[in-house]
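Colleague: Dropping in structure_20.pdb, with PDB, C-alpha atoms.
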ATOM      1  CA  MET H  48     -41.614  -2.253 -30.400
ATOM      2  CA  ASP H  49     -43.383   0.865 -31.578
ATOM      3  CA  SER H  50     -43.792   4.194 -29.795
ATOM      4  CA  THR H  51     -47.329   3.486 -28.483
ATOM      5  CA  THR H  52     -46.157   0.379 -26.662
ATOM      6  CA  PHE H  53     -43.307   2.319 -25.081
ATOM      7  CA  THR H  54     -45.735   5.115 -24.119
ATOM      8  CA  LYS H  55     -48.130   2.606 -22.487
ATOM      9  CA  ILE H  56     -45.309   1.007 -20.480
ATOM     10  CA  ALA H  57     -43.995   4.391 -19.342
ATOM     11  CA  ALA H  58     -47.506   5.540 -18.410
ATOM     12  CA  GLY H  59     -48.088   2.357 -16.382
ATOM     13  CA  VAL H  60     -44.802   2.683 -14.476
ATOM     14  CA  LEU H  61     -45.266   6.403 -13.806
ATOM     15  CA  GLY H  62     -48.946   5.894 -12.848
ATOM     16  CA  ALA H  63     -48.027   3.162 -10.352
ATOM     17  CA  TRP H  64     -45.324   5.402  -8.883
ATOM     18  CA  LEU H  65     -47.817   8.278  -8.573
ATOM     19  CA  ILE H  66     -50.331   6.023  -6.798
ATOM     20  CA  LEU H  67     -47.600   4.842  -4.414
ATOM     21  CA  LEU H  68     -46.632   8.432  -3.563
ATOM     22  CA  LEU H  69     -50.255   9.493  -3.049
ATOM     23  CA  GLY H  70     -50.901   6.448  -0.825
ATOM     24  CA  LYS H  71     -47.835   7.249   1.276
ATOM     25  CA  TRP H  72     -48.918  10.867   1.634
ATOM     26  CA  ALA H  73     -52.487   9.863   2.623
ATOM     27  CA  GLY H  74     -51.168   7.349   5.178
ATOM     28  CA  ASP H  75     -48.888   9.953   6.735
ATOM     29  CA  GLU H  76     -51.779  12.416   7.034
ATOM     30  CA  MET H  77     -54.093   9.863   8.657
ATOM     31  CA  TYR H  78     -51.744   8.257  11.159
ATOM     32  CA  HIS H  79     -49.443  10.987  12.425
ATOM     33  CA  ALA H  80     -50.965  12.440  15.584
ATOM     34  CA  SER H  81     -48.780  15.547  15.464
ATOM     35  CA  ALA H  82     -50.646  16.713  12.389
ATOM     36  CA  HIS H  83     -53.977  16.556  14.235
ATOM     37  CA  GLY H  84     -53.031  17.791  17.694
ATOM     38  CA  GLU H  85     -52.377  16.010  20.948
ATOM     39  CA  PRO H  86     -53.751  12.472  21.447
ATOM     40  CA  SER H  87     -56.697  12.244  23.845
ATOM     41  CA  TYR H  88     -54.835   9.715  26.007
ATOM     42  CA  VAL H  89     -51.743   7.567  25.880
ATOM     43  CA  ILE H  90     -51.682   3.911  26.851
ATOM     44  CA  GLU H  91     -48.447   3.153  28.652
ATOM     45  CA  VAL H  92     -46.690  -0.040  27.653
ATOM     46  CA  ALA H  93     -44.650  -2.229  29.981
ATOM     47  CA  GLY H  94     -40.945  -1.887  29.389
ATOM     48  CA  SER H  95     -41.158   1.675  28.118
ATOM     49  CA  GLU H  96     -38.653   4.233  29.299
ATOM     50  CA  PRO H  97     -39.464   5.491  32.804
ATOM     51  CA  ALA H  98     -40.282   9.175  33.175
ATOM     52  CA  ASN H  99     -38.136  11.491  35.248
ATOM     53  CA  ALA H 100     -38.143  10.542  38.902
ATOM     54  CA  GLU H 101     -40.703  12.567  40.812
ATOM     55  CA  PRO H 102     -40.330  13.650  44.414
ATOM     56  CA  GLU H 103     -41.973  11.293  46.888
ATOM     57  CA  VAL H 104     -45.182  12.788  48.262
ATOM     58  CA  PRO H 105     -46.975  11.046  51.146
ATOM     59  CA  PHE H 106     -50.067   9.095  50.126
ATOM     60  CA  GLU H 107     -52.416  11.185  52.290
ATOM     61  CA  GLU H 108     -51.224  14.431  50.684
ATOM     62  CA  ARG H 109     -51.495  12.913  47.215
ATOM     63  CA  MET H 110     -55.087  11.818  47.851
ATOM     64  CA  ALA H 111     -56.009  15.184  49.413
ATOM     65  CA  ALA H 112     -54.831  16.941  46.252
ATOM     66  CA  ALA H 113     -56.552  14.476  43.890
ATOM     67  CA  SER H 114     -58.923  15.854  41.260
ATOM     68  CA  VAL H 115     -62.130  14.058  40.297
ATOM     69  CA  GLU H 116     -62.192  15.865  36.917
ATOM     70  CA  SER H 117     -58.641  14.803  36.083
ATOM     71  CA  GLY H 118     -59.476  11.300  37.255
ATOM     72  CA  ALA H 119     -62.377  11.152  34.803
ATOM     73  CA  LYS H 120     -59.975  11.999  31.977
ATOM     74  CA  VAL H 121     -57.399   9.414  33.061
ATOM     75  CA  PHE H 122     -60.183   6.838  33.524
ATOM     76  CA  ARG H 123     -60.716   6.886  29.746
ATOM     77  CA  LYS H 124     -57.737   4.519  29.548
ATOM     78  CA  CYS H 125     -59.668   2.073  31.711
ATOM     79  CA  THR H 126     -62.856   2.188  29.643
ATOM     80  CA  ALA H 127     -61.316  -0.149  27.088
ATOM     81  CA  CYS H 128     -61.909  -3.001  29.563
ATOM     82  CA  HIS H 129     -64.011  -1.633  32.451
ATOM     83  CA  LYS H 130     -67.367   0.075  32.893
ATOM     84  CA  ALA H 131     -68.320   2.511  35.650
ATOM     85  CA  GLU H 132     -71.947   1.309  35.925
ATOM     86  CA  ALA H 133     -73.035  -1.139  38.623
ATOM     87  CA  GLY H 134     -73.213  -4.703  37.311
ATOM     88  CA  ALA H 135     -71.915  -3.815  33.818
ATOM     89  CA  ASN H 136     -68.978  -6.196  33.453
ATOM     90  CA  ALA H 137     -66.885  -6.102  30.304
ATOM     91  CA  THR H 138     -63.449  -7.632  29.751
ATOM     92  CA  GLY H 139     -62.778  -6.549  33.329
ATOM     93  CA  PRO H 140     -65.196  -6.193  36.255
ATOM     94  CA  TYR H 141     -67.348  -3.093  36.698
ATOM     95  CA  LEU H 142     -65.716  -0.407  38.814
ATOM     96  CA  TYR H 143     -68.787   1.305  40.271
ATOM     97  CA  GLY H 144     -68.363   1.261  44.045
ATOM     98  CA  VAL H 145     -64.959  -0.394  43.852
ATOM     99  CA  VAL H 146     -63.385   1.752  46.606
ATOM    100  CA  GLY H 147     -64.047  -0.123  49.838
ATOM    101  CA  ARG H 148     -65.479  -3.194  48.080
ATOM    102  CA  ASP H 149     -64.162  -6.727  48.585
ATOM    103  CA  ILE H 150     -61.542  -7.509  45.955
ATOM    104  CA  ASP H 151     -63.262 -10.386  44.189
ATOM    105  CA  SER H 152     -66.883  -9.359  44.653
ATOM    106  CA  ALA H 153     -68.038  -7.909  41.310
ATOM    107  CA  GLU H 154     -71.229  -9.827  40.594
ATOM    108  CA  GLY H 155     -71.044 -11.982  37.486
ATOM    109  CA  PHE H 156     -67.300 -11.664  36.909
ATOM    110  CA  GLU H 157     -64.860 -14.591  37.015
ATOM    111  CA  TYR H 158     -61.607 -13.572  38.708
ATOM    112  CA  SER H 159     -58.231 -15.191  38.058
ATOM    113  CA  GLY H 160     -57.478 -15.821  41.732
ATOM    114  CA  ALA H 161     -54.276 -13.763  41.893
ATOM    115  CA  LEU H 162     -56.090 -10.749  43.346
ATOM    116  CA  GLU H 163     -57.552 -12.777  46.204
ATOM    117  CA  GLN H 164     -54.039 -13.546  47.420
ATOM    118  CA  ALA H 165     -52.901  -9.907  47.340
ATOM    119  CA  ALA H 166     -55.499  -8.320  49.674
ATOM    120  CA  ASP H 167     -59.101  -8.539  50.885
ATOM    121  CA  VAL H 168     -60.559  -5.073  50.222
ATOM    122  CA  TRP H 169     -59.995  -2.382  47.591
ATOM    123  CA  THR H 170     -58.825   0.322  49.973
ATOM    124  CA  PRO H 171     -57.445   3.509  48.387
ATOM    125  CA  GLU H 172     -53.953   2.320  49.354
ATOM    126  CA  ASN H 173     -54.462  -1.066  47.665
ATOM    127  CA  LEU H 174     -55.886   0.570  44.538
ATOM    128  CA  TYR H 175     -52.967   3.011  44.449
ATOM    129  CA  ALA H 176     -50.418   0.184  44.599
ATOM    130  CA  PHE H 177     -52.364  -1.951  42.101
ATOM    131  CA  LEU H 178     -52.722   0.863  39.568
ATOM    132  CA  GLU H 179     -48.983   1.545  39.649
ATOM    133  CA  LYS H 180     -48.202  -1.880  38.177
ATOM    134  CA  PRO H 181     -50.918  -4.552  38.383
ATOM    135  CA  SER H 182     -48.616  -7.456  37.512
ATOM    136  CA  ALA H 183     -46.197  -6.560  40.334
ATOM    137  CA  TRP H 184     -48.893  -6.025  42.979
ATOM    138  CA  ALA H 185     -50.821  -9.197  42.099
ATOM    139  CA  PRO H 186     -48.493 -11.615  40.288
ATOM    140  CA  GLY H 187     -50.487 -13.874  37.999
ATOM    141  CA  THR H 188     -53.333 -11.430  37.404
ATOM    142  CA  THR H 189     -54.888 -11.607  33.965
ATOM    143  CA  MET H 190     -55.070  -7.821  33.743
ATOM    144  CA  GLY H 191     -52.687  -6.887  30.939
ATOM    145  CA  PHE H 192     -52.549  -3.150  31.675
ATOM    146  CA  ALA H 193     -49.015  -1.855  32.320
ATOM    147  CA  GLY H 194     -50.150   0.577  35.008
ATOM    148  CA  LEU H 195     -50.173   4.323  35.618
ATOM    149  CA  SER H 196     -46.667   5.634  36.185
ATOM    150  CA  LYS H 197     -47.714   9.084  37.439
ATOM    151  CA  SER H 198     -48.763   9.081  41.066
ATOM    152  CA  GLU H 199     -51.088  12.048  40.416
ATOM    153  CA  ASP H 200     -52.956  10.003  37.813
ATOM    154  CA  ARG H 201     -53.386   7.092  40.223
ATOM    155  CA  ALA H 202     -54.726   9.367  42.966
ATOM    156  CA  ASP H 203     -57.037  11.156  40.510
ATOM    157  CA  VAL H 204     -58.489   7.867  39.244
ATOM    158  CA  ILE H 205     -59.118   6.686  42.811
ATOM    159  CA  ALA H 206     -60.837  10.001  43.624
ATOM    160  CA  TYR H 207     -62.984   9.642  40.493
ATOM    161  CA  LEU H 208     -63.940   6.041  41.290
ATOM    162  CA  ASP H 209     -64.754   6.997  44.887
ATOM    163  CA  SER H 210     -66.993   9.839  43.670
ATOM    164  CA  LEU H 211     -69.142   7.541  41.513
ATOM    165  CA  ASP H 212     -71.124   6.026  44.394
ATOM    166  CA  ASP H 213     -70.902   8.986  46.804
TER
END
What does this structure look like when you write it as structure tokens?
Modeller:
Amino acid sequence: MDSTTFTKIAAGVLGAWLILLLGKWAGDEMYHASAHGEPSYVIEVAGSEPANAEPEVPFEERMAAASVESGAKVFRKCTACHKAEAGANATGPYLYGVVGRDIDSAEGFEYSGALEQAADVWTPENLYAFLEKPSAWAPGTTMGFAGLSKSEDRADVIAYLDSLDD
């Protein structure tokens, strides 16, 4: 083995190592949110650690303090499966006019049947309980969302949805 062969082997090994290090560095820069600021929203996963227990505030007070603007921000989590335009079904039914609407009445959407057994109308109280943990409120629902753990977020989303159709 002469010196050029050894040089080529060393250059290949060191070049591959350099590419590996640069790829790791690029991956860290692209996928670590802390390097780019705060994420726009966080999707909560079932089974995650519960947040600190919050003091119990009556539903009426919670709804009176609800913010439509904050609800619009929290609603971004819902836009993965729902639309806020009338008749625009996606993976889930459209949510325009949902407050006060019959539970299984979104035109053109096939419901699983579990919601029909839970209640008749989407009252603010029913929405509040459903948004906390959909699978607990309507066992057997096909909605895979874990729910909104913060009661302020649930009230804000309901206020936002109620504001859509005046």
Colleague: List the residues sitting within 10 Å of (-49.0, 11.4, 39.3) in the file's frame, using only C-alpha atoms, as a list of chain:residue names.
Modeller: H:Glu101, H:Val104, H:Arg109, H:Ala113, H:Glu179, H:Leu195, H:Ser196, H:Lys197, H:Ser198, H:Glu199, H:Asp200, H:Arg201, H:Ala202, H:Asp203
Colleague: Can you spit out the residues from that selection as a PDB file, in the coordinates of the input, using C-alpha atoms?
Modeller:
ATOM      1  CA  GLU H 101     -40.703  12.567  40.812  1.00  0.00           C
ATOM      2  CA  VAL H 104     -45.182  12.788  48.262  1.00  0.00           C
ATOM      3  CA  ARG H 109     -51.495  12.913  47.215  1.00  0.00           C
ATOM      4  CA  ALA H 113     -56.552  14.476  43.890  1.00  0.00           C
ATOM      5  CA  GLU H 179     -48.983   1.545  39.649  1.00  0.00           C
ATOM      6  CA  LEU H 195     -50.173   4.323  35.618  1.00  0.00           C
ATOM      7  CA  SER H 196     -46.667   5.634  36.185  1.00  0.00           C
ATOM      8  CA  LYS H 197     -47.714   9.084  37.439  1.00  0.00           C
ATOM      9  CA  SER H 198     -48.763   9.081  41.066  1.00  0.00           C
ATOM     10  CA  GLU H 199     -51.088  12.048  40.416  1.00  0.00           C
ATOM     11  CA  ASP H 200     -52.956  10.003  37.813  1.00  0.00           C
ATOM     12  CA  ARG H 201     -53.386   7.092  40.223  1.00  0.00           C
ATOM     13  CA  ALA H 202     -54.726   9.367  42.966  1.00  0.00           C
ATOM     14  CA  ASP H 203     -57.037  11.156  40.510  1.00  0.00           C
TER      15      ASP H 203
END
Colleague: Tell me which of H:Asp75, H:Ala183, H:Ala135, H:Met190 sits closest to H:Gly160, counting all atoms listed in the file.
Modeller: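 With all atoms listed in the file as the atom set, the closest residue is H:Met190.
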Colleague: Give the answer as one residue: which of H:Asp49, H:Ala176, H:Lys120, H:Val145 has the shortest atom-to-atom distance to H:Glu132, using only C-alpha atoms?
Modeller: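 Looking only at the distances to H:Glu132, the closest residue turns out to be H:Val145.
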Colleague: Go through H:Ile205, H:Ala165, H:Ala185, H:Leu178 and flag the residue nearest H:Val146, using only C-alpha atoms for the distances.
Modeller: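 Of H:Ile205, H:Ala165, H:Ala185, H:Leu178, the one nearest H:Val146 is H:Ile205, counting only C-alpha atoms.
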Colleague: Any idea what the distance is between atom CA of H:Cys128 and atom CA of H:Met77?
Modeller: 25.8 Å
Colleague: Give the answer as one residue: which of H:Ala161, H:Leu67, H:Val92, H:Ala166 has the shortest atom-to-atom distance to H:Gly187, using only C-alpha atoms?
Modeller: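 Nearest candidate to H:Gly187 out of H:Ala161, H:Leu67, H:Val92, H:Ala166: H:Ala161.
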Colleague: Given 8 Å of margin on each side, can you work out the centre and size in Å (one decimal) of an axis-aligned box holding every listed atom of stretch 207-212 of chain H, as lines of an AutoDock Vina configuration file?
Modeller:
center_x = -67.1
center_y = 7.9
center_z = 42.7
size_x = 24.1
size_y = 19.8
size_z = 20.4
Colleague: When you draw a straight line from atom CA of H:Gly155 to atom CA of H:Glu91, how long is it in Å?
Modeller: 28.6 Å
Colleague: Could you check how far atom CA of H:Asp212 sits from atom CA of H:Thr188, in Å to one decimal?
Modeller: 25.9 Å
Colleague: List the residues selected by the PyMOL selection byres ((chain H and resi 169) around 8) in the file shown, writing them as a compact mmCIF listing (two decimals) with C-alpha atoms, in the coordinates of the input.
Modeller:
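Result file follows (expr_37.txt):
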# COMPACT_ATOMS: atom_id res chain seq x y z
CA VAL H 145 -64.96 -0.39 43.85
CA VAL H 146 -63.38 1.75 46.61
CA GLY H 147 -64.05 -0.12 49.84
CA ARG H 148 -65.48 -3.19 48.08
CA ASP H 149 -64.16 -6.73 48.58
CA ILE H 150 -61.54 -7.51 45.96
CA ALA H 166 -55.50 -8.32 49.67
CA ASP H 167 -59.10 -8.54 50.88
CA VAL H 168 -60.56 -5.07 50.22
CA THR H 170 -58.82 0.32 49.97
CA PRO H 171 -57.44 3.51 48.39
CA GLU H 172 -53.95 2.32 49.35
CA ASN H 173 -54.46 -1.07 47.66
CA LEU H 174 -55.89 0.57 44.54
Colleague: Using all atoms listed in the file, which of the listed residues (H:Ile90, H:Ser210, H:Glu163, H:Trp64) sits closest to H:Arg123?
Modeller: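 The answer is H:Ile90, which sits nearest to H:Arg123.
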Colleague: Counting only C-alpha atoms, which residue out of H:Ala58, H:Ala112, H:His129, H:Tyr175 sits closest to H:Ala153?
Modeller: H:His129
Colleague: Could stretch 168-181 of chain H be completed with N, CA and C atoms and written as a PDB file, in the frame of the given file, please?
Modeller:
ATOM      1  N   VAL H 168     -59.663  -6.194  50.536  1.00  0.00           N
ATOM      2  CA  VAL H 168     -60.559  -5.073  50.222  1.00  0.00           C
ATOM      3  C   VAL H 168     -59.816  -4.071  49.347  1.00  0.00           C
ATOM      4  N   TRP H 169     -60.565  -3.431  48.427  1.00  0.00           N
ATOM      5  CA  TRP H 169     -59.995  -2.382  47.591  1.00  0.00           C
ATOM      6  C   TRP H 169     -59.965  -1.065  48.370  1.00  0.00           C
ATOM      7  N   THR H 170     -59.030  -0.943  49.267  1.00  0.00           N
ATOM      8  CA  THR H 170     -58.825   0.322  49.973  1.00  0.00           C
ATOM      9  C   THR H 170     -58.137   1.281  49.000  1.00  0.00           C
ATOM     10  N   PRO H 171     -58.175   2.589  49.265  1.00  0.00           N
ATOM     11  CA  PRO H 171     -57.445   3.509  48.387  1.00  0.00           C
ATOM     12  C   PRO H 171     -55.959   3.158  48.286  1.00  0.00           C
ATOM     13  N   GLU H 172     -55.367   2.697  49.378  1.00  0.00           N
ATOM     14  CA  GLU H 172     -53.953   2.320  49.354  1.00  0.00           C
ATOM     15  C   GLU H 172     -53.710   1.120  48.440  1.00  0.00           C
ATOM     16  N   ASN H 173     -54.600   0.110  48.525  1.00  0.00           N
ATOM     17  CA  ASN H 173     -54.462  -1.066  47.665  1.00  0.00           C
ATOM     18  C   ASN H 173     -54.664  -0.695  46.199  1.00  0.00           C
ATOM     19  N   LEU H 174     -55.665   0.135  45.913  1.00  0.00           N
ATOM     20  CA  LEU H 174     -55.886   0.570  44.538  1.00  0.00           C
ATOM     21  C   LEU H 174     -54.681   1.345  44.006  1.00  0.00           C
ATOM     22  N   TYR H 175     -54.124   2.201  44.846  1.00  0.00           N
ATOM     23  CA  TYR H 175     -52.967   3.011  44.449  1.00  0.00           C
ATOM     24  C   TYR H 175     -51.793   2.107  44.063  1.00  0.00           C
ATOM     25  N   ALA H 176     -51.525   1.113  44.884  1.00  0.00           N
ATOM     26  CA  ALA H 176     -50.418   0.184  44.599  1.00  0.00           C
ATOM     27  C   ALA H 176     -50.730  -0.675  43.373  1.00  0.00           C
ATOM     28  N   PHE H 177     -51.972  -1.117  43.235  1.00  0.00           N
ATOM     29  CA  PHE H 177     -52.364  -1.951  42.101  1.00  0.00           C
ATOM     30  C   PHE H 177     -52.262  -1.175  40.794  1.00  0.00           C
ATOM     31  N   LEU H 178     -52.732   0.073  40.794  1.00  0.00           N
ATOM     32  CA  LEU H 178     -52.722   0.863  39.568  1.00  0.00           C
ATOM     33  C   LEU H 178     -51.321   1.252  39.119  1.00  0.00           C
ATOM     34  N   GLU H 179     -50.356   1.224  40.041  1.00  0.00           N
ATOM     35  CA  GLU H 179     -48.983   1.545  39.649  1.00  0.00           C
ATOM     36  C   GLU H 179     -48.442   0.484  38.694  1.00  0.00           C
ATOM     37  N   LYS H 180     -48.618  -0.782  39.051  1.00  0.00           N
ATOM     38  CA  LYS H 180     -48.202  -1.880  38.177  1.00  0.00           C
ATOM     39  C   LYS H 180     -48.959  -3.130  38.623  1.00  0.00           C
ATOM     40  N   PRO H 181     -50.089  -3.434  37.955  1.00  0.00           N
ATOM     41  CA  PRO H 181     -50.918  -4.552  38.383  1.00  0.00           C
ATOM     42  C   PRO H 181     -50.183  -5.889  38.458  1.00  0.00           C
TER      43      PRO H 181
END
